[in-house]
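Colleague: File name query-v4.pdb; file contents PDB, C-alpha atoms; full text below.
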MODEL        1
ATOM      1  CA  MET V   1       0.000   0.000   0.000
ATOM      2  CA  GLN V   2       1.300   3.450  -0.905
ATOM      3  CA  LYS V   3       2.375   5.611   2.018
ATOM      4  CA  ILE V   4       2.166   9.382   2.409
ATOM      5  CA  GLU V   5       4.010  11.715   4.768
ATOM      6  CA  LEU V   6       2.182  14.535   6.502
ATOM      7  CA  GLU V   7       4.155  17.324   8.154
ATOM      8  CA  ILE V   8       1.971  19.161  10.654
ATOM      9  CA  SER V   9       2.835  22.521  12.210
ATOM     10  CA  PHE V  10       1.178  23.750  15.383
ATOM     11  CA  PHE V  11      -0.302  27.123  16.302
ATOM     12  CA  GLY V  12      -1.837  28.796  19.345
ATOM     13  CA  ALA V  13      -2.428  26.447  22.247
ATOM     14  CA  PHE V  14      -0.764  23.594  20.311
ATOM     15  CA  ARG V  15       2.583  25.416  20.117
ATOM     16  CA  LYS V  16       3.755  23.723  23.301
ATOM     17  CA  TYR V  17       3.640  20.330  21.572
ATOM     18  CA  GLU V  18       5.992  21.383  18.779
ATOM     19  CA  ARG V  19       9.178  20.323  20.549
ATOM     20  CA  THR V  20      11.575  19.675  17.694
ATOM     21  CA  GLY V  21       9.781  21.101  14.677
ATOM     22  CA  PRO V  22       6.624  19.931  12.944
ATOM     23  CA  LEU V  23       5.016  16.578  13.717
ATOM     24  CA  ARG V  24       5.724  14.024  10.974
ATOM     25  CA  LEU V  25       3.227  11.235  10.357
ATOM     26  CA  THR V  26       3.394   8.342   7.904
ATOM     27  CA  LEU V  27      -0.024   7.076   6.864
ATOM     28  CA  ALA V  28      -1.614   5.040   4.094
ATOM     29  CA  ALA V  29      -2.576   7.070   1.028
ATOM     30  CA  GLY V  30      -6.306   7.726   1.053
ATOM     31  CA  ALA V  31      -6.498   8.324   4.799
ATOM     32  CA  GLY V  32      -9.459  10.420   5.875
ATOM     33  CA  MET V  33      -9.660  13.284   8.337
ATOM     34  CA  ALA V  34     -10.622  10.998  11.228
ATOM     35  CA  ALA V  35      -7.579   8.768  10.657
ATOM     36  CA  VAL V  36      -5.235  11.732  10.498
ATOM     37  CA  LYS V  37      -6.676  13.254  13.667
ATOM     38  CA  ALA V  38      -6.395   9.887  15.418
ATOM     39  CA  ALA V  39      -2.725   9.706  14.470
ATOM     40  CA  ILE V  40      -2.165  13.239  15.763
ATOM     41  CA  ALA V  41      -3.937  12.361  19.020
ATOM     42  CA  GLU V  42      -1.660   9.369  19.464
ATOM     43  CA  ALA V  43       1.402  11.572  19.107
ATOM     44  CA  LEU V  44       0.195  14.247  21.542
ATOM     45  CA  ASP V  45      -0.461  14.404  25.265
ATOM     46  CA  PRO V  46      -3.898  12.848  26.070
ATOM     47  CA  ALA V  47      -4.768  16.190  27.685
ATOM     48  CA  ALA V  48      -4.855  17.700  24.189
ATOM     49  CA  SER V  49      -7.671  15.439  22.951
ATOM     50  CA  ASP V  50     -10.575  17.808  23.724
ATOM     51  CA  LEU V  51      -8.839  20.697  21.971
ATOM     52  CA  LEU V  52      -7.956  18.456  19.025
ATOM     53  CA  LYS V  53     -11.645  17.621  18.470
ATOM     54  CA  VAL V  54     -12.520  21.273  17.847
ATOM     55  CA  SER V  55      -9.368  22.018  15.854
ATOM     56  CA  ALA V  56      -9.108  22.110  12.071
ATOM     57  CA  LEU V  57      -6.453  20.980   9.635
ATOM     58  CA  ALA V  58      -5.530  23.370   6.858
ATOM     59  CA  ASP V  59      -2.971  24.040   4.193
ATOM     60  CA  ALA V  60      -1.720  27.467   3.169
ATOM     61  CA  GLN V  61      -4.803  28.086   1.000
ATOM     62  CA  GLN V  62      -7.773  26.707   2.904
ATOM     63  CA  VAL V  63      -9.229  24.923   5.897
ATOM     64  CA  LEU V  64      -9.782  21.275   4.945
ATOM     65  CA  SER V  65     -13.263  19.804   5.304
ATOM     66  CA  SER V  66     -14.014  16.728   7.394
ATOM     67  CA  ALA V  67     -14.550  14.854   4.089
ATOM     68  CA  HIS V  68     -11.019  15.592   2.873
ATOM     69  CA  VAL V  69      -9.015  12.581   1.679
ATOM     70  CA  PHE V  70      -5.229  12.670   1.975
ATOM     71  CA  ASP V  71      -3.917  11.131  -1.248
ATOM     72  CA  THR V  72      -0.480  12.725  -1.347
ATOM     73  CA  SER V  73       2.182  13.907   1.071
ATOM     74  CA  ALA V  74       1.503  17.416   2.341
ATOM     75  CA  GLN V  75       2.497  20.203   4.689
ATOM     76  CA  LEU V  76      -0.415  20.990   6.999
ATOM     77  CA  VAL V  77      -1.225  23.160   9.974
ATOM     78  CA  LEU V  78      -3.318  22.328  13.016
ATOM     79  CA  LEU V  79      -5.566  25.263  13.901
ATOM     80  CA  PRO V  80      -7.261  25.488  17.314
ATOM     81  CA  PRO V  81     -10.369  27.700  17.681
ATOM     82  CA  VAL V  82      -9.490  31.220  16.562
ATOM     83  CA  SER V  83      -9.521  34.288  18.824
ATOM     84  CA  GLY V  84      -8.075  37.191  16.891
ATOM     85  CA  GLY V  85      -9.067  40.813  16.951
TER      86      GLY V  85
ATOM     87  CA  MET F   1     -13.388  29.270  -6.086
ATOM     88  CA  SER F   2     -13.540  32.613  -4.286
ATOM     89  CA  GLN F   3     -12.790  35.845  -6.107
ATOM     90  CA  SER F   4      -9.295  37.302  -5.630
ATOM     91  CA  PRO F   5      -9.191  40.637  -3.813
ATOM     92  CA  ASP F   6      -8.540  43.709  -5.965
ATOM     93  CA  THR F   7      -5.368  45.092  -4.401
ATOM     94  CA  ARG F   8      -6.222  48.590  -5.626
ATOM     95  CA  SER F   9      -9.164  48.733  -3.202
ATOM     96  CA  ILE F  10      -8.298  45.990  -0.679
ATOM     97  CA  HIS F  11      -5.222  45.722   1.544
ATOM     98  CA  VAL F  12      -4.711  42.881   4.026
ATOM     99  CA  CYS F  13      -1.618  41.955   6.023
ATOM    100  CA  VAL F  14      -0.386  40.127   9.112
ATOM    101  CA  ARG F  15       2.483  42.204  10.446
ATOM    102  CA  GLU F  16       5.108  41.629  13.145
ATOM    103  CA  THR F  17       5.890  45.329  13.367
ATOM    104  CA  HIS F  18       3.877  48.359  14.547
ATOM    105  CA  LEU F  19       0.501  48.815  12.820
ATOM    106  CA  SER F  20       0.193  52.307  11.346
ATOM    107  CA  LEU F  21      -3.044  54.291  11.619
ATOM    108  CA  GLU F  22      -1.646  56.810   9.139
ATOM    109  CA  LYS F  23      -1.076  54.152   6.473
ATOM    110  CA  ALA F  24      -4.581  52.777   7.033
ATOM    111  CA  SER F  25      -6.154  56.225   6.620
ATOM    112  CA  ALA F  26      -4.093  56.978   3.547
ATOM    113  CA  PHE F  27      -5.095  53.697   1.868
ATOM    114  CA  VAL F  28      -8.852  54.230   2.218
ATOM    115  CA  ASP F  29      -8.807  57.946   1.359
ATOM    116  CA  ALA F  30     -10.078  58.831  -2.099
ATOM    117  CA  GLY F  31     -11.564  61.936  -3.691
ATOM    118  CA  GLU F  32     -14.930  60.273  -4.229
ATOM    119  CA  ASN F  33     -15.216  59.162  -0.588
ATOM    120  CA  GLY F  34     -17.240  61.196   1.907
ATOM    121  CA  ALA F  35     -16.566  58.781   4.769
ATOM    122  CA  ALA F  36     -13.523  57.132   6.283
ATOM    123  CA  LEU F  37     -13.944  54.881   9.297
ATOM    124  CA  LEU F  38     -11.159  53.486  11.437
ATOM    125  CA  PHE F  39     -11.594  50.594  13.895
ATOM    126  CA  VAL F  40      -8.613  50.081  16.199
ATOM    127  CA  GLY F  41      -8.310  46.991  18.398
ATOM    128  CA  ARG F  42      -6.068  47.518  21.429
ATOM    129  CA  VAL F  43      -4.827  45.383  24.321
ATOM    130  CA  ARG F  44      -6.855  46.204  27.438
ATOM    131  CA  ASN F  45      -5.631  45.891  30.994
ATOM    132  CA  HIS F  46      -8.292  43.454  32.168
ATOM    133  CA  ASN F  47     -10.330  40.461  31.022
ATOM    134  CA  LEU F  48     -12.935  38.509  32.988
ATOM    135  CA  ASN F  49     -11.941  40.317  36.181
ATOM    136  CA  LYS F  50      -8.255  39.437  35.787
ATOM    137  CA  PRO F  51      -5.630  42.181  35.482
ATOM    138  CA  VAL F  52      -3.793  41.744  32.180
ATOM    139  CA  SER F  53      -0.207  42.826  31.539
ATOM    140  CA  GLY F  54      -0.043  42.067  27.811
ATOM    141  CA  VAL F  55      -1.131  39.761  25.002
ATOM    142  CA  SER F  56       0.818  37.535  22.612
ATOM    143  CA  TYR F  57      -0.748  37.030  19.188
ATOM    144  CA  ASP F  58      -0.014  33.967  17.085
ATOM    145  CA  ALA F  59      -1.114  33.721  13.451
ATOM    146  CA  PHE F  60      -0.836  31.449  10.443
ATOM    147  CA  ALA F  61      -0.111  34.369   8.150
ATOM    148  CA  PRO F  62      -0.607  32.841   4.655
ATOM    149  CA  LEU F  63      -4.102  31.581   5.402
ATOM    150  CA  ALA F  64      -4.965  34.562   7.617
ATOM    151  CA  GLU F  65      -4.264  36.944   4.740
ATOM    152  CA  THR F  66      -6.251  34.773   2.320
ATOM    153  CA  VAL F  67      -9.272  34.729   4.632
ATOM    154  CA  MET F  68      -9.040  38.470   5.348
ATOM    155  CA  GLY F  69      -9.056  39.041   1.578
ATOM    156  CA  GLU F  70     -12.133  36.822   1.193
ATOM    157  CA  ILE F  71     -13.937  38.753   3.924
ATOM    158  CA  CYS F  72     -13.140  42.037   2.174
ATOM    159  CA  VAL F  73     -14.464  40.712  -1.150
ATOM    160  CA  GLU F  74     -17.658  39.655   0.647
ATOM    161  CA  ALA F  75     -17.985  43.123   2.200
ATOM    162  CA  GLN F  76     -17.663  44.810  -1.187
ATOM    163  CA  ALA F  77     -20.315  42.449  -2.593
ATOM    164  CA  GLN F  78     -22.705  43.189   0.281
ATOM    165  CA  PHE F  79     -22.125  46.858   1.028
ATOM    166  CA  GLY F  80     -20.714  48.362  -2.159
ATOM    167  CA  PRO F  81     -18.091  47.633  -4.816
ATOM    168  CA  ASP F  82     -16.740  51.157  -4.354
ATOM    169  CA  LEU F  83     -15.596  50.533  -0.765
ATOM    170  CA  ARG F  84     -11.887  50.772  -0.005
ATOM    171  CA  LEU F  85     -10.971  48.241   2.690
ATOM    172  CA  TYR F  86      -7.871  47.789   4.838
ATOM    173  CA  ILE F  87      -7.152  45.111   7.464
ATOM    174  CA  GLU F  88      -3.881  44.598   9.296
ATOM    175  CA  HIS F  89      -3.443  42.231  12.247
ATOM    176  CA  PHE F  90      -0.439  42.124  14.543
ATOM    177  CA  LYS F  91       1.582  38.991  15.346
ATOM    178  CA  GLY F  92       3.812  38.930  18.419
ATOM    179  CA  TYR F  93       3.710  40.430  21.924
ATOM    180  CA  LEU F  94       1.908  43.675  22.745
ATOM    181  CA  PRO F  95       1.772  45.530  26.062
ATOM    182  CA  ILE F  96      -1.367  47.291  27.340
ATOM    183  CA  GLY F  97      -2.600  49.795  24.765
ATOM    184  CA  GLY F  98      -0.769  48.127  21.890
ATOM    185  CA  ILE F  99      -2.630  48.010  18.578
ATOM    186  CA  SER F 100      -3.599  44.443  17.646
ATOM    187  CA  VAL F 101      -5.789  45.123  14.635
ATOM    188  CA  ILE F 102      -6.695  48.016  12.336
ATOM    189  CA  ILE F 103      -9.723  47.963  10.081
ATOM    190  CA  ALA F 104     -10.245  50.975   7.834
ATOM    191  CA  VAL F 105     -13.105  51.563   5.434
ATOM    192  CA  GLY F 106     -13.427  54.324   2.869
ATOM    193  CA  SER F 107     -16.833  54.892   1.290
ATOM    194  CA  PRO F 108     -18.786  57.557  -0.618
ATOM    195  CA  HIS F 109     -21.388  57.485   2.211
ATOM    196  CA  ARG F 110     -21.300  56.742   5.941
ATOM    197  CA  ALA F 111     -23.892  53.940   6.206
ATOM    198  CA  PRO F 112     -21.989  51.354   4.134
ATOM    199  CA  ALA F 113     -18.784  52.305   5.951
ATOM    200  CA  TYR F 114     -20.301  51.478   9.360
ATOM    201  CA  GLU F 115     -21.852  48.258   8.061
ATOM    202  CA  ALA F 116     -18.705  47.072   6.334
ATOM    203  CA  SER F 117     -16.481  47.878   9.309
ATOM    204  CA  ARG F 118     -18.696  45.868  11.648
ATOM    205  CA  TYR F 119     -18.833  42.983   9.180
ATOM    206  CA  LEU F 120     -15.049  42.877   8.786
ATOM    207  CA  ILE F 121     -14.250  42.743  12.507
ATOM    208  CA  GLU F 122     -16.978  40.235  13.343
ATOM    209  CA  GLU F 123     -15.976  37.880  10.519
ATOM    210  CA  LEU F 124     -12.279  38.300  11.324
ATOM    211  CA  LYS F 125     -12.880  37.177  14.893
ATOM    212  CA  LYS F 126     -14.751  34.062  13.720
ATOM    213  CA  ARG F 127     -12.710  32.994  10.695
ATOM    214  CA  VAL F 128      -9.157  34.306  10.584
ATOM    215  CA  PRO F 129      -6.454  31.968  11.996
ATOM    216  CA  VAL F 130      -5.126  34.221  14.749
ATOM    217  CA  TRP F 131      -4.819  33.310  18.434
ATOM    218  CA  LYS F 132      -4.517  35.344  21.600
ATOM    219  CA  LYS F 133      -2.512  34.424  24.701
ATOM    220  CA  GLU F 134      -3.170  36.691  27.659
ATOM    221  CA  HIS F 135      -0.455  37.401  30.205
ATOM    222  CA  TYR F 136      -1.646  38.322  33.692
ATOM    223  CA  LEU F 137      -0.106  40.454  36.407
ATOM    224  CA  SER F 138      -0.035  37.293  38.544
ATOM    225  CA  GLY F 139       2.576  35.872  36.158
ATOM    226  CA  ASP F 140       0.195  33.285  34.684
ATOM    227  CA  SER F 141      -0.773  33.222  31.034
ATOM    228  CA  GLU F 142      -3.363  31.363  28.987
ATOM    229  CA  TRP F 143      -4.592  30.935  25.434
ATOM    230  CA  LEU F 144      -8.120  32.284  25.116
ATOM    231  CA  ASP F 145     -11.079  30.201  23.978
ATOM    232  CA  GLY F 146     -12.227  30.970  20.464
ATOM    233  CA  THR F 147     -14.361  29.932  17.529
ATOM    234  CA  SER F 148     -13.760  26.510  15.988
ATOM    235  CA  LEU F 149     -12.974  26.335  12.275
ATOM    236  CA  VAL F 150     -14.303  22.773  12.152
ATOM    237  CA  GLU F 151     -17.717  22.492  10.516
ATOM    238  CA  ASN F 152     -20.202  21.187  13.109
ATOM    239  CA  PRO F 153     -17.584  20.770  15.861
TER     240      PRO F 153
ENDMDL
END
Transcribe the structure of this file into structure tokens.
Modeller:
Amino acid sequence: MQKIELEISFFGAFRKYERTGPLRLTLAAGAGMAAVKAAIAEALDPAASDLLKVSALADAQQVLSSAHVFDTSAQLVLLPPVSGG
Amino acid sequence: MSQSPDTRSIHVCVRETHLSLEKASAFVDAGENGAALLFVGRVRNHNLNKPVSGVSYDAFAPLAETVMGEICVEAQAQFGPDLRLYIEHFKGYLPIGGISVIIAVGSPHRAPAYEASRYLIEELKKRVPVWKKEHYLSGDSEWLDGTSLVENP
């Protein structure tokens, strides 16, 4: 099965988990949003799970929908609820 | 696919240096405009009964600027294609009184200027990937709750 590599950068309240640069995950091509979030949860402190549920994955152009399928390797960002202004 | 912002009438930026009120005013000024409205967000010295010493702003700048541009395009579609719109948001640490966001609107008439300004700040707070960490006089600090970007969280 073909593998993809996802590089995930953290922002806001997730910054504290970015110890040595972005999180790198290797997953099967075709993974869905739930699988990617499950892999992130496994890599993080269990205390981050509630925040992870309400956080979005995005690339530089757009926030990815819950139906997004990860077919290729990508650089992503994990975005907790926003509070600018 | 959303429409790209017209950079002649829309300016958006996430900046790690001082936000300039003068530049905002100059951008939205035009001979045909009878109204110019400036909204300035500043760091206040309290929140939820806690004394605040400063705020750190984090931002994912590429997407933040894209979303701010989309919001401006929406405002022109709703309130007038002749509006001149300017949004800058700060990234980094600000002490009390520091300017975190500037929204400027130039318009031929005042009503669309007020409406557009309100729309821009409300949508920014809900949609733009920026985060606020408050620092308290006690020495503690915490990231503030916000609005989820997940559909149906």
Colleague: Please write the residues picked by the PyMOL selection byres ((chain F) within 6 of (chain V)) on this file as a PyMOL selection string.
Modeller: chain F and resi 58+62-63+101+125+129-132+143+146-150+153
Colleague: Taking all atoms listed in the file into account, which of V:Leu52, V:Met1, V:Ala47, V:Leu6 comes nearest Ala28 of chain V?
Modeller: V:Met1
Colleague: Which residues come within 12 Å of Ser20 of chain F, counting only C-alpha atoms, excluding same-chain residues fewer than 4 positions away, as a PyMOL selection string?
Modeller: chain F and resi 13+15-16+24-27+38+40+86-90+98-104
Colleague: Report, in Å to a single decimal, how far apart atom CA of Asp145 of chain F and atom CA of Ala35 of chain V are.
Modeller: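 That distance, rounded to one decimal, is 25.5 Å.
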Colleague: Box time for segment 46-53 of chain V: axis-aligned, enclosing all its listed atoms, 5 Å extra on each side; report centre and edge lengths in Å to one decimal, as JSON.
Modeller:
{"center_x": -7.8, "center_y": 16.8, "center_z": 23.1, "size_x": 17.7, "size_y": 17.8, "size_z": 19.2}
Colleague: Write out as a list in words the residues lying within 7 Å of segment 106-108 of chain F, counting only C-alpha atoms and excluding same-chain residues fewer than 3 positions away.
Modeller: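 Here the answer would be Val28, Asp29, Glu32, Asn33, Gly34, Ala35, Ala36, Leu37, Asp82, Leu83, Arg84, Leu85, Pro112 and Ala113 of chain F.
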Colleague: Extract, using only C-alpha atoms, all DNA, RNA and protein residues at most 12 Å from Asn49 of chain F, discarding same-chain residues fewer than 5 positions from it, and format them as a short mmCIF file (atom, residue, chain, number, x, y, z; two decimals) with C-alpha atoms, in the frame of the given file.
Modeller:
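Written out: out05.cif:
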data_model
loop_
_atom_site.label_atom_id
_atom_site.label_comp_id
_atom_site.auth_asym_id
_atom_site.auth_seq_id
_atom_site.Cartn_x
_atom_site.Cartn_y
_atom_site.Cartn_z
CA ARG F 44 -6.86 46.20 27.44
CA TYR F 136 -1.65 38.32 33.69
CA LEU F 137 -0.11 40.45 36.41
#
Colleague: Near Ala31 of chain V, counting only C-alpha atoms, which residues have an atom at most 8 Å away, once you skip same-chain residues fewer than 4 positions from it, shown as a count of residues only?
Modeller: 6
Colleague: In Å, rounded to a single decimal, give me how far atom CA of Leu120 of chain F is from atom CA of Met68 of chain F.
Modeller: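 Between atom CA of Met68 of chain F and atom CA of Leu120 of chain F the gap works out to 8.2 Å.
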